[in-house]
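Listing of data-v3.csv; format and content: CSV, C-alpha atoms.
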```
chain,number,residue,atom,x,y,z
A,99,MET,CA,2.2,-16.3,5.3
A,100,LYS,CA,2.9,-12.7,5.9
A,101,ALA,CA,1.1,-10.3,3.5
A,102,VAL,CA,2.1,-6.6,2.9
A,103,LEU,CA,-0.5,-4.2,1.5
A,104,ALA,CA,0.0,-0.6,0.6
A,105,LEU,CA,-2.8,1.9,1.0
A,106,GLY,CA,-3.1,5.3,-0.7
A,107,SER,CA,-5.6,8.0,-1.2
A,108,ASN,CA,-5.6,11.5,-2.6
A,109,LEU,CA,-9.3,12.2,-3.2
A,110,GLY,CA,-12.0,12.9,-0.7
A,111,ARG,CA,-11.6,12.3,3.0
A,112,ARG,CA,-8.2,10.6,2.6
A,113,PHE,CA,-7.6,9.6,6.2
A,114,GLN,CA,-11.1,8.3,6.8
A,115,THR,CA,-10.8,6.3,3.6
A,116,LEU,CA,-7.5,4.7,4.7
A,117,GLN,CA,-9.0,3.8,8.1
A,118,GLY,CA,-12.1,2.4,6.4
A,119,ALA,CA,-9.8,0.3,4.2
A,120,VAL,CA,-7.9,-1.1,7.3
A,121,ASP,CA,-11.3,-1.9,8.9
A,122,ALA,CA,-12.6,-3.6,5.7
A,123,LEU,CA,-9.4,-5.7,5.2
A,124,PHE,CA,-10.0,-7.4,8.5
A,125,ASP,CA,-13.8,-7.7,8.3
A,126,ALA,CA,-13.6,-11.0,6.6
A,127,PRO,CA,-11.7,-14.2,7.8
A,128,GLY,CA,-8.3,-15.1,6.5
A,129,LEU,CA,-6.2,-12.1,7.7
A,130,ASP,CA,-4.8,-11.7,11.1
A,131,TYR,CA,-3.5,-8.2,12.0
A,132,ILE,CA,0.2,-7.7,12.7
A,133,ALA,CA,0.8,-4.0,12.2
A,134,VAL,CA,-0.2,-0.8,10.4
A,135,SER,CA,2.5,1.9,9.7
A,136,PRO,CA,2.4,5.5,10.5
A,137,VAL,CA,0.6,7.7,7.9
A,138,TYR,CA,2.7,9.6,5.4
A,139,GLU,CA,1.7,12.4,3.1
A,140,THR,CA,3.5,11.9,-0.2
A,141,ASP,CA,3.9,13.7,-3.5
A,142,PRO,CA,2.2,12.0,-6.4
A,143,VAL,CA,4.4,9.8,-8.6
A,144,GLY,CA,3.5,9.7,-12.3
A,145,GLY,CA,0.1,10.7,-13.7
A,146,PRO,CA,-1.2,14.2,-14.1
A,147,ASP,CA,0.7,17.2,-12.6
A,148,ASP,CA,-2.3,18.7,-10.8
A,149,GLN,CA,-3.0,15.9,-8.3
A,150,ARG,CA,-3.3,16.5,-4.6
A,151,PRO,CA,-0.8,14.8,-2.3
A,152,TYR,CA,-1.5,11.2,-1.2
A,153,LEU,CA,-1.8,9.8,2.2
A,154,ASN,CA,0.0,6.4,2.3
A,155,ALA,CA,0.4,3.6,4.8
A,156,ILE,CA,1.4,-0.1,5.0
A,157,VAL,CA,-0.6,-2.9,6.5
A,158,ILE,CA,1.0,-6.2,7.5
A,159,ALA,CA,-1.0,-9.3,8.2
A,160,ASP,CA,-0.7,-13.0,8.5
A,161,THR,CA,-2.9,-14.6,5.8
A,162,THR,CA,-4.4,-18.0,5.4
A,163,VAL,CA,-6.0,-17.1,2.0
A,164,ASP,CA,-4.2,-17.4,-1.3
A,165,ALA,CA,-2.8,-14.3,-3.1
A,166,TYR,CA,-5.6,-14.3,-5.7
A,167,THR,CA,-8.3,-14.1,-2.9
A,168,LEU,CA,-6.3,-11.4,-1.2
A,169,LEU,CA,-6.1,-9.4,-4.5
A,170,GLU,CA,-9.9,-9.8,-5.0
A,171,ARG,CA,-10.5,-8.5,-1.5
A,172,ALA,CA,-8.3,-5.5,-2.1
A,173,GLN,CA,-10.0,-4.7,-5.4
A,174,SER,CA,-13.5,-5.1,-3.8
A,175,ILE,CA,-12.5,-2.7,-1.0
A,176,GLU,CA,-11.2,-0.2,-3.6
A,177,THR,CA,-14.6,-0.4,-5.4
A,178,ALA,CA,-16.5,0.0,-2.2
A,179,PHE,CA,-14.7,3.3,-1.6
A,180,GLY,CA,-15.5,4.6,-5.0
A,181,ARG,CA,-12.3,3.8,-6.9
A,182,VAL,CA,-12.6,4.5,-10.6
A,183,ARG,CA,-9.8,3.3,-13.0
A,184,GLU,CA,-9.9,6.0,-15.7
A,185,GLU,CA,-6.3,7.2,-15.9
A,186,ARG,CA,-3.1,5.3,-15.1
A,187,TRP,CA,-1.5,6.8,-11.9
A,188,GLY,CA,-4.3,9.3,-11.8
A,189,PRO,CA,-6.0,10.5,-8.6
A,190,ARG,CA,-8.0,8.0,-6.7
A,191,THR,CA,-10.2,7.7,-3.6
A,192,LEU,CA,-8.4,4.5,-2.6
A,193,ASP,CA,-5.5,2.3,-3.8
A,194,VAL,CA,-4.9,-1.0,-2.1
A,195,ASP,CA,-1.9,-2.7,-3.6
A,196,LEU,CA,-0.7,-6.2,-2.8
A,197,ILE,CA,3.0,-5.7,-2.3
A,198,ALA,CA,4.2,-9.1,-1.1
A,199,VAL,CA,2.8,-12.4,0.1
A,200,GLY,CA,5.5,-14.4,1.9
A,201,ASP,CA,8.3,-15.2,-0.6
A,202,LEU,CA,5.9,-15.8,-3.4
A,203,VAL,CA,7.2,-14.6,-6.8
A,204,CYS,CA,4.9,-14.6,-9.8
A,205,GLY,CA,5.5,-12.5,-12.8
A,206,ASP,CA,4.0,-14.4,-15.7
A,207,ASP,CA,0.4,-14.0,-14.6
A,208,PRO,CA,-1.5,-11.0,-16.2
A,209,GLN,CA,-3.8,-10.8,-13.1
A,210,LEU,CA,-1.2,-10.8,-10.3
A,211,THR,CA,2.5,-9.9,-10.1
A,212,LEU,CA,4.3,-10.5,-6.8
A,213,PRO,CA,6.2,-8.9,-5.4
A,214,HIS,CA,4.6,-5.6,-6.7
A,215,PRO,CA,6.6,-4.7,-9.8
A,216,ARG,CA,7.5,-1.2,-8.7
A,217,ALA,CA,7.5,-1.4,-4.8
A,218,HIS,CA,11.3,-1.6,-4.7
A,219,GLU,CA,11.6,1.8,-6.3
A,220,ARG,CA,8.8,3.6,-4.4
A,221,ALA,CA,9.8,5.6,-1.3
A,222,PHE,CA,6.1,6.0,-0.5
A,223,VAL,CA,5.9,2.2,0.0
A,224,LEU,CA,9.3,1.5,1.5
A,225,VAL,CA,9.4,4.4,4.1
A,226,PRO,CA,6.2,3.4,5.9
A,227,TRP,CA,7.0,-0.3,5.5
A,228,SER,CA,10.4,0.2,7.1
A,229,GLN,CA,8.7,1.8,10.2
A,230,VAL,CA,6.8,-1.4,11.0
A,231,ASP,CA,9.1,-4.1,9.6
A,232,PRO,CA,12.7,-2.7,9.3
A,233,ASP,CA,14.2,-6.1,8.6
A,234,ALA,CA,11.8,-6.9,5.7
A,235,GLU,CA,13.1,-7.9,2.3
A,236,ILE,CA,11.4,-7.8,-1.1
A,237,PRO,CA,11.8,-11.2,-2.8
A,238,GLY,CA,14.2,-10.7,-5.7
A,239,HIS,CA,15.2,-7.2,-4.7
A,240,GLY,CA,16.7,-7.4,-1.2
A,241,PRO,CA,16.3,-5.6,2.1
A,242,ILE,CA,14.0,-2.6,2.1
A,243,GLN,CA,16.6,-0.6,4.1
A,244,THR,CA,19.2,-1.1,1.4
A,245,LEU,CA,16.6,-0.2,-1.3
A,246,LEU,CA,15.7,3.0,0.6
A,247,ASP,CA,19.3,4.1,0.6
A,248,GLY,CA,19.1,4.6,-3.2
A,249,LEU,CA,15.8,6.5,-3.3
A,250,ASP,CA,14.9,10.1,-3.0
A,251,GLN,CA,12.7,10.4,0.1
A,252,GLN,CA,12.0,14.2,0.0
A,253,GLY,CA,8.4,13.7,-1.1
A,254,VAL,CA,7.5,11.4,1.8
A,255,ARG,CA,6.5,13.3,5.0
A,256,LEU,CA,5.4,11.8,8.3
A,257,ARG,CA,1.9,12.9,9.4
A,258,GLY,CA,2.3,12.5,13.1
A,259,ASP,CA,-1.1,14.0,13.7
A,260,LEU,CA,-2.8,11.0,11.9
A,261,LYS,CA,-2.7,7.5,13.4
A,262,LEU,CA,-4.5,4.5,11.8
A,263,GLN,CA,-6.0,2.0,14.2
A,264,GLY,CA,-5.8,-1.8,13.7
A,265,PRO,CA,-8.9,-4.0,14.1
A,266,ALA,CA,-10.6,-4.0,17.5
```
Can you give me the file's structure in the form of structure tokens?
Amino acid sequence: MKAVLALGSNLGRRFQTLQGAVDALFDAPGLDYIAVSPVYETDPVGGPDDQRPYLNAIVIADTTVDAYTLLERAQSIETAFGRVREERWGPRTLDVDLIAVGDLVCGDDPQLTLPHPRAHERAFVLVPWSQVDPDAEIPGHGPIQTLLDGLDQQGVRLRGDLKLQGPA
């Protein structure tokens, strides 16, 4: 199954943290690299007004592990990079969100919601995703290109000077 993960950071060494997250995702078996998007600098959405901009990217992989195992891996990586959950939508060293896993839809589970409940309305997710998988669709919401047409993309800026590397 194809897995789509969103990476974000607005504290510390943002780019190095994103690269470390990409490396860590593929350190364990069960994920095969497909693509990593360009890096975008984005205005914070929600949370306190005094946050720094985020760096965001999308990782796409084939997975042989179930969605719960993938979620656990994502949360472990966040913890390894110093993620502290003090304030909803607050600043963070690293955010690794599971956006979609194949066509899996689960909304009744308090631990895991797929697809990600707000991905379809977030330009900072959809813009980078569209760069590496322009024909992608979010189950239950439609093609990402169509979803992007209805979103304000002004706060999403390409960082052409930053390029994440996939696993060696």
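Atom pair CA of Leu105 (chain A) / CA of Gly238 (chain A): separated by 22.2 Å.
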For region 166-227 of chain A against region 124-135 of chain A, with a cut-off of 10 Å and counting all atoms listed in the file, what is the closest atom pair and its distance in Å to one decimal for every residue that makes the cut, ordered by chain and number, as a Markdown table?
```
| residue | atom | partner | partner_atom | distance |
| --- | --- | --- | --- | --- |
| A:Thr167 | CA | A:Gly128 | CA | 9.5 |
| A:Leu168 | CA | A:Gly128 | CA | 8.8 |
| A:Arg171 | CA | A:Ala126 | CA | 9.0 |
| A:Val225 | CA | A:Ser135 | CA | 9.2 |
| A:Pro226 | CA | A:Ser135 | CA | 5.5 |
| A:Trp227 | CA | A:Ser135 | CA | 6.5 |
```
> Separation of CA of Gln173 (chain A) and CA of Ser228 (chain A), in Å?
Replying inline: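 Computing it gives 24.4 Å between the two atoms.
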> Could you pull the residues within 9 Å of Gln263 (chain A), counting all atoms listed in the file, minus those fewer than 2 positions along the same chain, as a ChimeraX atom specification?
Replying inline: /A:117,120-121,134,261,265-266
Who sits within 8 Å of Lys100 (chain A), all atoms listed in the file, same chain under 2 positions skipped, as a tab-separated table (two decimals) with C-alpha atoms, in the coordinates of the input:
```
chain	number	residue	atom	x	y	z
A	102	VAL	CA	2.10	-6.60	2.90
A	158	ILE	CA	1.00	-6.20	7.50
A	159	ALA	CA	-1.00	-9.30	8.20
A	160	ASP	CA	-0.70	-13.00	8.50
A	161	THR	CA	-2.90	-14.60	5.80
A	198	ALA	CA	4.20	-9.10	-1.10
A	199	VAL	CA	2.80	-12.40	0.10
A	200	GLY	CA	5.50	-14.40	1.90
```
